[in-house]
Amino acid sequence: MHGPRSNLRAMIALVTPRLVLRPWVPADLVPFAAMCADPEVMRFIGDGSAKTFAEARDSITRSQESWTKHGWGLFAVECLETGSFVGSCGLAEPDLLQPLQPSVEIGWRLERASWGQGYATEAAAAVVDWAFTTLHTKRLVAVVHLDNLASHRVADKIGMRREQRTIVPGLSLWVDVYELGQGSWQPAY
Ligand SMILES: CC(C)(COP(=O)(O)OP(=O)(O)OC[C@H]1O[C@@H](n2cnc3c(N)ncnc32)[C@H](O)[C@@H]1OP(=O)(O)O)[C@@H](O)C(=O)NCCC(=O)NCCS
């Protein structure tokens with residue numbers, strides 16, 4: 001990334017009561033790759049396969065390219081108190097379902113040890129707030145595998161509405177598409 005605008009982008013961080021969502025740093029690669037190598041974490045993402053170290057590194061690179069191209073992307077998420085890596089959350093182009101483009105997809109992925117504490121909801125709510133109030137995004141979508149019950153719940157809790165059930169071409173995978181429009185969103189605080 002080069003130039004003054006990219007420096008500004010590099011400084012974007014969202015702080016919630018317990019988390020910091022911030023730009024990627026090199027030290028995130030090892031814990032991010034460990035998270036993406038966990039079959040339980042990856043079970044409902046893409047084709048459901050765990051990712052190699054190189055694939056995880058490519059994901060971070062793609063996210064950094066998104067920041068450069070759009071001014072948004074996935075954040076690394078860390079615990080506010082300890083600074084330890086918790087996962088990732090943020091925005092991406094909806095790559096699984098081409099008809100959804102040009103919508104912006106919100107996503108969340110946490111390492112298993114951090115599940116069940118409300119972190120995904122807390123991080124995702126901050127991303128929604130940032131997308132609508134700072135980026136002026138018109139519409140967010142989330143694509144959730146039918147059996148991913150925790151993720152359905154996160155989408156519900158941040159106020160998303162189930163819009164359609166569809167099949168991902170090539171993967172024979174049924175998903176629910178959630179949506180949230182800027183006009184139907186109320187800031188939580
Ligand atoms: C989805 C994920 C991010 C949720 O993280 P989390 O921090 O545990 O989520 P939260 O605690 O904010 O909320 C989870 C909700 O789902 C509920 N839940 C969790 N597991 C559940 C299950 N098996 N069945 C039903 N509900 C479940 C929780 O009780 C909670 O709801 P509640 O607050 O009403 O009790 C996490 O499980 C994860 O990283 N999964 C793997 C990656 C993934 O699938 N990402 C999403 C791709 S669309």
# chains A, B, ... in the order shown; residues from 1 in each chain; ligands from 1
$ residues_near_ligand --ligand "ligand 1" --cutoff "6 Å" --atoms "only C-alpha atoms and all ligand atoms" --output "number ranges by chain"
A: 41-42, 44-45, 108-111, 115-121, 143-144, 149-151, 153-154
$ select_by_dssp --residues "chain A" --states "helix (DSSP H, G or I)" --output "PyMOL selection string"
chain A and resi 3-10+26-36+39-42+53-70+98-100+112-114+119-133+149-157+182-184
$ residues_around --residues "Leu91 in chain A" --least-positions-apart "2" --cutoff "12 Å" --atoms "only C-alpha atoms" --output "PyMOL selection string"
chain A and resi 21+62-64+66-67+70-76+88-89+93-95+103-109+123-124+126-128+130-132+135+137+139-142
$ closest_residue --among "A:Pro102, A:Gly183, A:Pro31, A:Gly90" --to "Glu122 in chain A" --atoms "only C-alpha atoms"
A:Gly90
$ residues_around --residues "Ala34 in chain A" --least-positions-apart "6" --cutoff "9 Å" --atoms "only C-alpha atoms" --output "PyMOL selection string"
chain A and resi 51-53+56+111
$ closest_residue --among "A:Asp58, A:Glu78, A:Asp129, A:Asp47" --to "Leu173 in chain A" --atoms "only C-alpha atoms"
A:Asp47
$ atom_distance --atom1 "CA of Arg161 in chain A" --atom2 "CA of Ser184 in chain A"
10.0 Å
$ closest_residue --among "A:Ala33, A:Ile60, A:Leu80, A:Ala27" --to "Leu14 in chain A" --atoms "only C-alpha atoms"
A:Leu80
$ atom_distance --atom1 "CA of Ala13 in chain A" --atom2 "CA of Ser114 in chain A"
20.1 Å
$ select_by_dssp --residues "chain A" --states "strand (DSSP E or B)" --output "ChimeraX atom specification"
/A:14-15,19-22,74-79,85-92,104-110,139-145,161-168,173-181
$ closest_residue --among "A:Cys79, A:Leu171, A:Leu100, A:Ala54" --to "Leu29 in chain A" --atoms "only C-alpha atoms"
A:Ala54
$ closest_residue --among "A:Gly170, A:Glu81, A:Val175, A:Asn148" --to "Pro17 in chain A" --atoms "only C-alpha atoms"
A:Glu81
$ closest_residue --among "A:His152, A:Thr82, A:Arg112, A:Pro99" --to "Thr166 in chain A" --atoms "only C-alpha atoms"
A:Pro99
$ atom_distance --atom1 "CA of Phe85 in chain A" --atom2 "CA of Arg18 in chain A"
12.4 Å
